[in-house]
$ cat structure-v8.tsv   # TSV, C-alpha atoms
chain	number	residue	atom	x	y	z
S	1	MET	CA	73.62	80.48	126.38
S	2	LYS	CA	76.54	80.83	124.00
S	3	THR	CA	76.48	83.33	121.18
S	4	PHE	CA	78.37	82.53	118.00
S	5	LYS	CA	79.05	84.82	115.09
S	6	VAL	CA	80.42	83.57	111.78
S	7	LEU	CA	82.28	86.36	109.97
S	8	GLY	CA	82.41	86.21	106.19
S	9	GLY	CA	81.08	87.74	103.01
S	10	GLY	CA	78.90	84.78	102.10
S	11	CYS	CA	81.53	82.48	100.58
S	12	ARG	CA	81.09	78.73	100.57
S	13	ASN	CA	83.53	78.13	103.44
S	14	CYS	CA	81.51	80.53	105.62
S	15	GLU	CA	78.35	78.49	105.03
S	16	VAL	CA	80.23	75.30	105.88
S	17	THR	CA	81.60	76.84	109.08
S	18	ALA	CA	78.12	77.92	110.23
S	19	ASN	CA	76.79	74.42	109.53
S	20	VAL	CA	79.63	72.72	111.41
S	21	ILE	CA	78.90	74.81	114.53
S	22	THR	CA	75.13	74.28	114.40
S	23	GLN	CA	75.59	70.55	114.00
S	24	ALA	CA	78.14	70.26	116.83
S	25	ALA	CA	75.75	72.13	119.15
S	26	ARG	CA	72.86	69.83	118.21
S	27	GLU	CA	74.99	66.72	118.82
S	28	ALA	CA	76.11	68.04	122.21
S	29	GLY	CA	72.52	69.03	123.09
S	30	VAL	CA	73.60	72.61	123.78
S	31	ASP	CA	71.50	75.65	122.96
S	32	ILE	CA	73.35	78.33	121.03
S	33	THR	CA	72.54	81.36	118.95
S	34	LEU	CA	74.35	81.76	115.68
S	35	GLU	CA	74.50	84.86	113.55
S	36	LYS	CA	76.14	85.22	110.15
S	37	VAL	CA	77.90	88.56	109.85
S	38	THR	CA	78.37	89.69	106.25
S	39	ASP	CA	78.89	93.41	106.83
S	40	MET	CA	82.53	94.23	106.04
S	41	ALA	CA	82.73	97.08	108.55
S	42	GLU	CA	81.68	94.74	111.34
S	43	ILE	CA	83.98	91.90	110.21
S	44	LEU	CA	87.00	94.20	110.10
S	45	GLY	CA	85.87	95.72	113.39
S	46	TYR	CA	86.80	92.39	114.95
S	47	GLY	CA	90.29	92.69	113.40
S	48	VAL	CA	89.63	89.78	111.05
S	49	MET	CA	90.85	89.97	107.44
S	50	SER	CA	90.87	86.32	106.48
S	51	THR	CA	87.40	84.84	106.39
S	52	PRO	CA	85.62	82.82	107.62
S	53	GLY	CA	86.19	83.91	111.20
S	54	VAL	CA	84.39	82.76	114.34
S	55	VAL	CA	83.43	84.96	117.30
S	56	LEU	CA	82.37	83.28	120.53
S	57	ASP	CA	80.71	85.50	123.16
S	58	GLY	CA	82.30	88.61	121.69
S	59	LYS	CA	85.82	87.18	121.36
S	60	VAL	CA	87.50	86.11	118.10
S	61	VAL	CA	88.45	82.44	118.47
S	62	HIS	CA	89.23	81.55	114.87
S	63	ALA	CA	90.05	83.11	111.49
S	64	GLY	CA	91.02	82.10	107.99
S	65	GLY	CA	89.35	78.79	107.23
S	66	ILE	CA	86.95	76.09	108.30
S	67	PRO	CA	87.63	75.24	111.97
S	68	ALA	CA	88.56	71.67	112.94
S	69	PRO	CA	85.72	69.49	114.30
S	70	ASP	CA	87.26	68.95	117.76
S	71	GLN	CA	87.91	72.67	118.03
S	72	VAL	CA	84.23	73.34	117.36
S	73	ARG	CA	83.17	70.70	119.90
S	74	ALA	CA	85.37	72.38	122.53
S	75	TRP	CA	83.73	75.78	121.88
S	76	VAL	CA	80.25	74.35	122.18
S	77	ARG	CA	80.97	72.43	125.38
S	78	ASP	CA	82.95	74.61	127.76
D	79	MET	CA	106.78	55.40	88.32
D	80	PHE	CA	103.91	57.65	87.23
D	81	GLU	CA	104.76	57.13	83.58
D	82	ARG	CA	104.66	53.35	84.11
D	83	LEU	CA	101.23	53.68	85.74
D	84	GLY	CA	100.03	55.73	82.77
D	85	ASN	CA	101.36	53.14	80.31
D	86	LEU	CA	99.79	50.31	82.30
D	87	VAL	CA	96.31	51.82	82.38
D	88	ALA	CA	96.24	53.24	78.85
D	89	PHE	CA	97.96	50.52	76.86
D	90	GLN	CA	97.38	47.32	78.83
D	91	LEU	CA	94.15	47.86	80.76
D	92	PHE	CA	92.33	49.76	77.98
D	93	GLY	CA	94.37	48.15	75.19
D	94	LEU	CA	94.91	51.45	73.38
D	95	ASP	CA	97.62	51.86	70.77
D	96	PRO	CA	100.49	54.03	72.09
D	97	ALA	CA	100.72	55.70	68.68
D	98	SER	CA	97.03	56.61	68.58
D	99	HIS	CA	95.55	59.97	69.65
D	100	ALA	CA	93.37	58.43	72.34
D	101	GLY	CA	96.23	56.32	73.66
D	102	ALA	CA	98.52	59.32	74.08
D	103	ALA	CA	95.75	61.38	75.72
D	104	VAL	CA	94.69	58.67	78.20
D	105	GLN	CA	98.31	57.90	79.11
D	106	PHE	CA	98.98	61.60	79.78
D	107	PHE	CA	95.78	61.96	81.84
D	108	VAL	CA	96.43	58.97	84.10
D	109	MET	CA	100.09	59.84	84.56
D	110	ASP	CA	99.39	63.48	85.47
D	111	VAL	CA	96.42	62.81	87.75
D	112	ALA	CA	98.55	60.42	89.82
D	113	LYS	CA	101.65	62.61	89.81
D	114	ILE	CA	100.01	65.96	90.52
D	115	PHE	CA	97.69	64.75	93.27
D	116	VAL	CA	100.49	62.87	95.06
D	117	LEU	CA	102.67	65.99	94.88
D	118	LEU	CA	99.80	68.24	95.92
D	119	VAL	CA	98.96	66.26	99.07
D	120	ALA	CA	102.63	65.87	100.03
D	121	VAL	CA	103.51	69.55	99.56
D	122	ILE	CA	100.47	70.92	101.38
D	123	TYR	CA	100.95	68.49	104.26
D	124	VAL	CA	104.62	69.41	104.74
D	125	MET	CA	103.84	73.15	104.52
D	126	GLY	CA	101.08	72.65	107.07
D	127	LEU	CA	103.46	70.85	109.45
D	128	LEU	CA	105.87	73.76	109.23
D	129	ARG	CA	102.95	76.14	109.58
D	130	ALA	CA	104.58	78.06	106.80
D	131	MET	CA	101.39	79.85	105.90
D	132	LEU	CA	101.27	83.46	107.03
D	133	SER	CA	97.93	85.03	107.77
D	134	PRO	CA	96.99	88.28	105.99
D	135	GLU	CA	96.60	89.91	109.41
D	136	ARG	CA	100.30	89.37	110.04
D	137	VAL	CA	101.23	90.49	106.52
D	138	ARG	CA	99.36	93.74	107.19
D	139	ALA	CA	101.24	94.28	110.43
D	140	PHE	CA	104.59	93.63	108.68
D	141	VAL	CA	103.98	95.94	105.74
D	142	ARG	CA	102.38	99.00	107.38
D	143	ASP	CA	104.45	102.11	108.16
D	144	ARG	CA	107.34	101.22	105.88
D	145	PRO	CA	108.88	103.18	103.02
D	146	ASP	CA	107.33	102.40	99.64
D	147	TRP	CA	110.03	100.17	98.19
D	148	GLN	CA	110.32	98.11	101.37
D	149	ALA	CA	106.57	97.76	101.66
D	150	ARG	CA	106.32	96.70	98.01
D	151	GLY	CA	109.15	94.19	98.35
D	152	MET	CA	107.47	92.60	101.36
D	153	ALA	CA	104.01	92.70	99.81
D	154	VAL	CA	105.26	90.86	96.71
D	155	THR	CA	107.20	88.25	98.68
D	156	LEU	CA	104.43	87.69	101.21
D	157	GLY	CA	101.85	87.58	98.42
D	158	ALA	CA	103.87	84.81	96.82
D	159	VAL	CA	104.02	82.68	99.97
D	160	THR	CA	100.49	83.24	101.29
D	161	PRO	CA	97.73	81.44	99.49
D	162	PHE	CA	94.41	83.01	100.32
D	163	CYS	CA	90.91	82.26	99.19
D	164	SER	CA	89.75	84.88	96.69
D	165	CYS	CA	86.66	85.37	98.89
D	166	SER	CA	89.05	87.04	101.35
D	167	SER	CA	90.26	89.68	98.91
D	168	VAL	CA	87.64	92.25	99.93
D	169	PRO	CA	88.42	92.28	103.68
D	170	LEU	CA	92.08	92.07	102.79
D	171	PHE	CA	91.87	95.10	100.51
D	172	ILE	CA	89.98	97.13	103.13
D	173	GLY	CA	92.37	96.06	105.88
D	174	PHE	CA	95.37	97.21	103.84
D	175	VAL	CA	93.75	100.54	102.96
D	176	GLU	CA	92.83	101.11	106.59
D	177	ALA	CA	96.44	100.48	107.67
D	178	GLY	CA	97.52	103.31	105.35
D	179	ILE	CA	99.36	100.91	103.02
D	180	PRO	CA	99.57	102.59	99.56
D	181	LEU	CA	97.13	101.20	96.98
D	182	GLY	CA	99.98	100.41	94.58
D	183	VAL	CA	101.49	98.11	97.20
D	184	THR	CA	98.12	96.46	97.81
D	185	PHE	CA	97.81	95.82	94.07
D	186	SER	CA	101.29	94.27	94.05
D	187	PHE	CA	100.08	91.87	96.74
D	188	LEU	CA	96.85	91.12	94.88
D	189	ILE	CA	98.81	90.32	91.69
D	190	ALA	CA	101.44	88.14	93.34
D	191	SER	CA	99.08	86.14	95.53
D	192	PRO	CA	97.00	84.15	93.00
D	193	MET	CA	99.85	83.86	90.49
D	194	ILE	CA	102.60	82.48	92.69
D	195	ASN	CA	102.35	80.19	95.67
D	196	GLU	CA	104.69	77.65	97.15
D	197	VAL	CA	102.43	74.70	96.28
D	198	ALA	CA	102.31	75.62	92.59
D	199	ALA	CA	106.06	76.30	92.64
D	200	VAL	CA	106.91	72.83	93.94
D	201	ILE	CA	104.57	71.17	91.45
D	202	LEU	CA	106.10	73.25	88.64
D	203	VAL	CA	109.53	71.91	89.62
D	204	GLY	CA	108.14	68.36	89.67
D	205	ILE	CA	106.42	68.59	86.28
D	206	LEU	CA	108.42	71.08	84.22
D	207	GLY	CA	111.81	71.16	85.93
D	208	TRP	CA	113.43	73.82	88.08
D	209	GLN	CA	114.52	76.13	85.26
D	210	LEU	CA	110.97	76.74	84.10
D	211	ALA	CA	109.71	76.97	87.67
D	212	ALA	CA	112.33	79.63	88.40
D	213	LEU	CA	111.43	81.53	85.22
D	214	TYR	CA	107.75	81.53	86.17
D	215	VAL	CA	108.37	82.68	89.74
D	216	VAL	CA	110.85	85.43	88.77
D	217	ALA	CA	108.58	86.69	85.98
D	218	GLY	CA	105.62	86.67	88.39
D	219	LEU	CA	107.51	88.68	91.02
D	220	LEU	CA	108.57	91.23	88.39
D	221	VAL	CA	105.01	91.60	87.09
D	222	ALA	CA	103.69	92.07	90.63
D	223	TRP	CA	106.36	94.66	91.46
D	224	PHE	CA	106.01	96.78	88.33
D	225	GLY	CA	102.27	96.17	87.90
D	226	GLY	CA	101.63	97.66	91.35
D	227	MET	CA	103.88	100.61	90.53
D	228	ALA	CA	102.06	101.23	87.25
D	229	MET	CA	98.70	101.15	89.06
D	230	GLN	CA	100.00	103.71	91.57
D	231	ALA	CA	100.93	106.10	88.74
D	232	PHE	CA	97.26	106.35	87.76
D	233	ARG	CA	96.24	107.50	91.28
D	234	PRO	CA	93.71	104.70	91.81
D	235	GLU	CA	92.56	106.23	95.15
D	236	ARG	CA	89.86	108.18	93.30
D	237	TRP	CA	88.12	104.94	92.29
D	238	VAL	CA	87.96	103.36	95.73
D	239	GLU	CA	84.36	103.12	97.01
D	240	ASP	CA	83.64	105.75	99.67
D	241	TYR	CA	82.57	103.36	102.40
D	242	VAL	CA	86.01	101.72	102.37
D	243	TRP	CA	87.67	104.86	103.76
D	244	LYS	CA	85.22	105.00	106.65
D	245	ILE	CA	85.83	101.53	108.03
D	246	HIS	CA	87.88	101.28	111.18
D	247	MET	CA	89.55	98.04	111.86
D	248	GLY	CA	89.66	96.58	115.34
D	249	GLU	CA	92.79	95.40	117.08
D	250	ALA	CA	94.02	92.49	114.94
D	251	ALA	CA	92.87	89.26	116.47
D	252	THR	CA	95.78	87.05	117.46
D	253	ILE	CA	94.96	83.41	117.86
D	254	GLU	CA	97.54	81.23	119.54
D	255	PRO	CA	98.26	78.28	117.26
D	256	ASP	CA	98.63	74.80	118.70
D	257	THR	CA	102.33	74.08	118.04
D	258	SER	CA	102.56	70.57	119.51
D	259	LEU	CA	103.35	67.81	117.01
D	260	LEU	CA	99.79	66.49	117.14
D	261	GLY	CA	98.44	70.01	116.72
D	262	ARG	CA	100.65	70.54	113.67
D	263	HIS	CA	99.61	67.21	112.19
D	264	ARG	CA	95.91	68.07	112.62
D	265	TYR	CA	96.43	71.49	111.12
D	266	ALA	CA	98.31	69.98	108.15
D	267	VAL	CA	95.58	67.40	107.51
D	268	GLY	CA	93.00	70.18	107.70
D	269	GLU	CA	94.97	72.24	105.17
D	270	VAL	CA	95.22	69.29	102.76
D	271	LYS	CA	91.46	68.71	102.95
D	272	GLU	CA	90.62	72.38	102.59
D	273	ILE	CA	93.00	73.22	99.73
D	274	VAL	CA	92.58	69.99	97.74
D	275	GLY	CA	88.82	70.26	98.27
D	276	ARG	CA	88.89	73.73	96.80
D	277	ILE	CA	91.15	73.21	93.80
D	278	TRP	CA	90.76	69.58	92.67
D	279	ARG	CA	88.25	70.51	89.97
D	280	TRP	CA	90.59	73.08	88.42
D	281	VAL	CA	93.44	70.58	88.48
D	282	LEU	CA	91.35	67.83	86.84
D	283	ILE	CA	90.08	70.20	84.15
D	284	GLY	CA	93.65	71.37	83.57
D	285	ILE	CA	94.91	67.82	83.19
D	286	ALA	CA	92.04	66.93	80.84
D	287	VAL	CA	92.78	69.95	78.62
D	288	GLY	CA	96.48	69.09	78.71
D	289	ALA	CA	95.74	65.46	77.79
D	290	LEU	CA	93.54	66.44	74.82
D	291	PHE	CA	96.19	68.88	73.61
D	292	HIS	CA	98.90	66.25	74.05
D	293	GLY	CA	96.96	63.52	72.26
D	294	PHE	CA	95.12	65.31	69.48
D	295	VAL	CA	97.00	68.46	68.45
D	296	PRO	CA	99.67	67.64	65.84
D	297	ALA	CA	103.17	68.91	66.68
D	298	ALA	CA	103.67	70.20	63.13
D	299	TRP	CA	100.63	72.48	63.44
D	300	VAL	CA	101.89	73.78	66.79
D	301	THR	CA	105.36	74.57	65.46
D	302	ALA	CA	103.87	76.35	62.47
D	303	HIS	CA	101.40	78.47	64.43
D	304	LEU	CA	102.60	78.76	68.04
D	305	GLY	CA	106.36	78.35	67.64
D	306	GLY	CA	107.11	81.92	68.72
D	307	ASP	CA	108.26	83.41	65.40
D	308	ASP	CA	105.00	85.26	65.01
D	309	TRP	CA	104.80	88.19	67.47
D	310	SER	CA	101.00	88.05	67.68
D	311	THR	CA	100.83	84.64	69.43
D	312	VAL	CA	101.76	86.15	72.82
D	313	PRO	CA	99.00	88.79	73.03
D	314	ALA	CA	96.61	86.17	71.62
D	315	ALA	CA	97.57	83.80	74.47
D	316	VAL	CA	97.02	86.57	77.03
D	317	LEU	CA	93.60	87.47	75.58
D	318	LEU	CA	92.62	83.80	75.53
D	319	GLY	CA	93.59	83.54	79.21
D	320	ILE	CA	91.45	86.44	80.44
D	321	PRO	CA	88.01	84.78	80.22
D	322	LEU	CA	89.53	81.43	81.21
D	323	TYR	CA	90.08	80.93	84.88
D	324	SER	CA	91.94	78.27	86.75
D	325	ASN	CA	93.97	77.91	89.88
D	326	ALA	CA	97.76	78.34	89.42
D	327	THR	CA	98.21	74.58	89.93
D	328	GLY	CA	95.49	73.65	87.42
D	329	ILE	CA	97.20	75.42	84.55
D	330	ILE	CA	100.49	73.50	84.97
D	331	PRO	CA	99.46	70.33	83.05
D	332	VAL	CA	98.21	72.51	80.19
D	333	ALA	CA	101.61	74.20	80.06
D	334	GLU	CA	103.30	70.79	80.21
D	335	ALA	CA	101.40	69.60	77.14
D	336	MET	CA	101.99	72.87	75.27
D	337	LEU	CA	105.73	72.85	75.89
D	338	SER	CA	106.09	69.18	74.93
D	339	LYS	CA	104.51	69.98	71.55
D	340	GLY	CA	106.86	72.88	70.90
D	341	VAL	CA	104.85	75.96	71.91
D	342	ALA	CA	107.33	78.77	72.65
D	343	VAL	CA	108.28	79.23	76.33
D	344	GLY	CA	107.25	82.91	76.48
D	345	THR	CA	103.87	82.20	74.91
D	346	THR	CA	103.24	79.40	77.43
D	347	LEU	CA	104.28	81.57	80.41
D	348	ALA	CA	102.03	84.42	79.21
D	349	LEU	CA	99.03	82.09	78.99
D	350	MET	CA	99.74	80.56	82.43
D	351	MET	CA	99.94	83.97	84.09
D	352	SER	CA	96.88	85.29	82.33
D	353	VAL	CA	94.78	82.29	83.32
D	354	ALA	CA	95.97	82.26	86.95
D	355	ALA	CA	96.04	85.97	87.77
D	356	LEU	CA	93.43	87.60	85.55
D	357	SER	CA	89.95	86.30	86.06
D	358	LEU	CA	86.40	87.58	85.82
D	359	PRO	CA	85.22	86.16	89.19
D	360	GLU	CA	88.14	87.85	90.99
D	361	MET	CA	87.30	91.14	89.23
D	362	LEU	CA	83.65	90.90	90.28
D	363	ILE	CA	84.70	90.34	93.89
D	364	LEU	CA	87.03	93.35	93.79
D	365	ARG	CA	84.20	95.44	92.30
D	366	LYS	CA	82.83	95.67	95.86
D	367	VAL	CA	85.74	97.93	96.83
D	368	ILE	CA	86.87	99.65	93.62
D	369	ARG	CA	84.94	101.02	90.64
D	370	TRP	CA	85.10	99.81	87.03
D	371	PRO	CA	87.75	102.25	85.73
D	372	ALA	CA	90.25	100.90	88.25
D	373	LEU	CA	89.35	97.30	87.41
D	374	ALA	CA	89.70	97.93	83.67
D	375	LEU	CA	93.05	99.56	84.36
D	376	PHE	CA	94.11	96.61	86.51
D	377	ALA	CA	93.25	94.16	83.72
D	378	GLY	CA	94.98	96.39	81.15
D	379	VAL	CA	98.20	96.76	83.16
D	380	LEU	CA	98.37	93.01	83.74
D	381	ALA	CA	97.65	92.15	80.09
D	382	VAL	CA	100.46	94.46	78.95
D	383	ALA	CA	102.84	93.07	81.58
D	384	PHE	CA	102.15	89.43	80.62
D	385	THR	CA	102.63	90.27	76.94
D	386	LEU	CA	105.99	91.90	77.65
D	387	VAL	CA	107.07	88.88	79.73
D	388	GLY	CA	106.05	86.53	76.89
D	389	TRP	CA	107.88	88.51	74.22
D	390	GLY	CA	110.93	88.81	76.47
D	391	PHE	CA	111.25	85.08	76.99
D	392	ASN	CA	110.53	84.23	73.35
D	393	LEU	CA	113.30	86.61	72.36
D	394	ILE	CA	115.85	85.07	74.74
D	395	HIS	CA	115.05	81.50	73.79
$ encode --input "structure-v8.tsv" --output "structure tokens"
Amino acid sequence: MKTFKVLGGGCRNCEVTANVITQAAREAGVDITLEKVTDMAEILGYGVMSTPGVVLDGKVVHAGGIPAPDQVRAWVRD
Amino acid sequence: MFERLGNLVAFQLFGLDPASHAGAAVQFFVMDVAKIFVLLVAVIYVMGLLRAMLSPERVRAFVRDRPDWQARGMAVTLGAVTPFCSCSSVPLFIGFVEAGIPLGVTFSFLIASPMINEVAAVILVGILGWQLAALYVVAGLLVAWFGGMAMQAFRPERWVEDYVWKIHMGEAATIEPDTSLLGRHRYAVGEVKEIVGRIWRWVLIGIAVGALFHGFVPAAWVTAHLGGDDWSTVPAAVLLGIPLYSNATGIIPVAEAMLSKGVAVGTTLALMMSVAALSLPEMLILRKVIRWPALALFAGVLAVAFTLVGWGFNLIH
């Protein structure tokens, strides 16, 4: 199962990003776990300064904005 | 073209009298909504295609380990060309501190970033002409440069929250961008949606305020009270701008209306800067990393700087 983390201090774009990922997973029928990381030390620990960022299975795949829908679908699928 | 559209809607569709207050206000509103949103979409799309936006992670890598003046010069320039969501200012601040970048340089970046950006600059040229756009940008760069230096003189390190010093940042994540034409197009469309989605309210409010000012405030009153002969109008404009907050683009139509009615250039610039760069929400976000004395100082330094800029330009003009 894939593990997603959305990095961000609780701004609106971070909420949107989390929702986009959850919805894409539901549409693809894939089980994922999603965690919202709001702790600054942990966010910066990933080397991310521009939020929201997305971590997939421990690797940063996106930073600095809401990810594009087809990008999210690709993460969920393969 | 936009003026014709404004005339068409206000005077023919609504049948308002061009000489009436409401007619002038509606004409201004329609004209500016069309003009600013067309410009906004076009500019953001083109910038997105060029992928001209630099990420703060890369700014950090550029600026670290440089002598002070070089670091400050880069921080100010990069701050001007990188728009970033104010919700990113906390991680950005911590990331800069962790890289050993002096706090004064970080403040220079934090001042320049909301005040100047390439989107607002292009729209300024489109609405107010290049001379005023250049004045605004140069004044903004100067304020960011000297504002950061002034902050440094007060040794702001003592007001940084303790936990900030303890954070260790991981290896900066590098994400390979998709540089094919289709990839660039998608990125640009995404940028347009994201940025317009975030700022359209500020822009509409700005245009509405500008339209009311344009339609209902008599030019004679403006010349008498805000013409620039009275030294106190500039600090008054700065104080008025502190509780008011808008995006740098949203304040442009207000400035347009003010200038067209004869408000002095320096007074208008001071208000624009104060509204764009000094805001309560931004201060509350920064409170997570620095304590109140530093925030009060930050507001004070900026207020003084904007006032000096306003007086300077009123004097020259």
$ closest_atom_pairs --input "structure-v8.tsv" --of "chain S" --to "chain D" --cutoff "6 Å" --atoms "all atoms listed in the file" --output "tab-separated table"
residue	atom	partner	partner_atom	distance
S:Ala41	CA	D:Ile245	CA	5.4
S:Leu44	CA	D:Met247	CA	4.9
S:Gly45	CA	D:Gly248	CA	4.3
S:Tyr46	CA	D:Gly248	CA	5.1
S:Gly47	CA	D:Ala250	CA	4.0
S:Met49	CA	D:Pro169	CA	5.0
S:Ser50	CA	D:Ser166	CA	5.5
S:Thr51	CA	D:Ser166	CA	5.7
$ residues_around --input "structure-v8.tsv" --residues "Gly10 in chain S" --least-positions-apart "2" --cutoff "12 Å" --atoms "all atoms listed in the file" --output "PDB file with C-alpha atoms, in the coordinates of the input"
ATOM      1  CA  VAL S   6      80.420  83.570 111.780  1.00  0.00           C
ATOM      2  CA  LEU S   7      82.280  86.360 109.970  1.00  0.00           C
ATOM      3  CA  GLY S   8      82.410  86.210 106.190  1.00  0.00           C
ATOM      4  CA  ARG S  12      81.090  78.730 100.570  1.00  0.00           C
ATOM      5  CA  ASN S  13      83.530  78.130 103.440  1.00  0.00           C
ATOM      6  CA  CYS S  14      81.510  80.530 105.620  1.00  0.00           C
ATOM      7  CA  GLU S  15      78.350  78.490 105.030  1.00  0.00           C
ATOM      8  CA  VAL S  16      80.230  75.300 105.880  1.00  0.00           C
ATOM      9  CA  THR S  17      81.600  76.840 109.080  1.00  0.00           C
ATOM     10  CA  ALA S  18      78.120  77.920 110.230  1.00  0.00           C
ATOM     11  CA  LYS S  36      76.140  85.220 110.150  1.00  0.00           C
ATOM     12  CA  VAL S  37      77.900  88.560 109.850  1.00  0.00           C
ATOM     13  CA  THR S  38      78.370  89.690 106.250  1.00  0.00           C
ATOM     14  CA  ASP S  39      78.890  93.410 106.830  1.00  0.00           C
ATOM     15  CA  MET S  40      82.530  94.230 106.040  1.00  0.00           C
ATOM     16  CA  ILE S  43      83.980  91.900 110.210  1.00  0.00           C
ATOM     17  CA  THR S  51      87.400  84.840 106.390  1.00  0.00           C
ATOM     18  CA  PRO S  52      85.620  82.820 107.620  1.00  0.00           C
ATOM     19  CA  GLY S  53      86.190  83.910 111.200  1.00  0.00           C
TER      20      GLY S  53
ATOM     21  CA  CYS D 165      86.660  85.370  98.890  1.00  0.00           C
ATOM     22  CA  SER D 166      89.050  87.040 101.350  1.00  0.00           C
ATOM     23  CA  VAL D 168      87.640  92.250  99.930  1.00  0.00           C
ATOM     24  CA  ILE D 363      84.700  90.340  93.890  1.00  0.00           C
TER      25      ILE D 363
END
$ closest_residue --input "structure-v8.tsv" --among "D:Trp299, D:Phe115, D:Phe232, D:Trp243" --to "Ile277 in chain D" --atoms "only C-alpha atoms"
D:Phe115
$ residues_around --input "structure-v8.tsv" --residues "Met152 in chain D" --least-positions-apart "5" --cutoff "10 Å" --atoms "only C-alpha atoms" --output "number ranges by chain"
D: 137, 140-141, 144, 146-147, 157-158, 183, 186-187
$ closest_residue --input "structure-v8.tsv" --among "S:Asp57, S:Trp75, S:Glu42, S:Pro69" --to "Val20 in chain S" --atoms "all atoms listed in the file"
S:Pro69
$ atom_distance --input "structure-v8.tsv" --atom1 "CA of Gly204 in chain D" --atom2 "CA of Gly328 in chain D"
13.9 Å
$ residues_near_point --input "structure-v8.tsv" --point "(105.5, 76.6, 90.7)" --cutoff "8 Å" --atoms "all atoms listed in the file" --output "list in words"
Ile194, Asn195, Glu196, Val197, Ala198, Ala199, Val200, Ile201, Leu202, Val203, Ala211, Ala212, Tyr214, Val215 and Thr327 of chain D
$ residues_around --input "structure-v8.tsv" --residues "range 379-388 of chain D" --least-positions-apart "2" --cutoff "8 Å" --atoms "only C-alpha atoms" --output "number ranges by chain"
D: 217, 221, 225, 228-229, 312-313, 316-317, 343-348, 351-352, 356, 375-377, 390-392
$ atom_distance --input "structure-v8.tsv" --atom1 "CA of Leu206 in chain D" --atom2 "CA of Ala333 in chain D"
8.6 Å
$ residues_around --input "structure-v8.tsv" --residues "Val238 in chain D" --least-positions-apart "3" --cutoff "8 Å" --atoms "only C-alpha atoms" --output "JSON, numbers by chain"
{"D": [234, 235, 242, 367, 368, 369]}
$ atom_distance --input "structure-v8.tsv" --atom1 "CA of Ala335 in chain D" --atom2 "CA of Val295 in chain D"
9.8 Å
$ residues_near_point --input "structure-v8.tsv" --point "(81.3, 82.7, 122.8)" --cutoff "12 Å" --atoms "only C-alpha atoms" --output "number ranges by chain"
S: 1-6, 21, 32-35, 54-62, 72, 74-78
$ residues_around --input "structure-v8.tsv" --residues "Leu373 in chain D" --least-positions-apart "6" --cutoff "10 Å" --atoms "all atoms listed in the file" --output "list in words"
Pro234, Trp237, Met361, Leu362, Leu364, Arg365 and Val379 of chain D
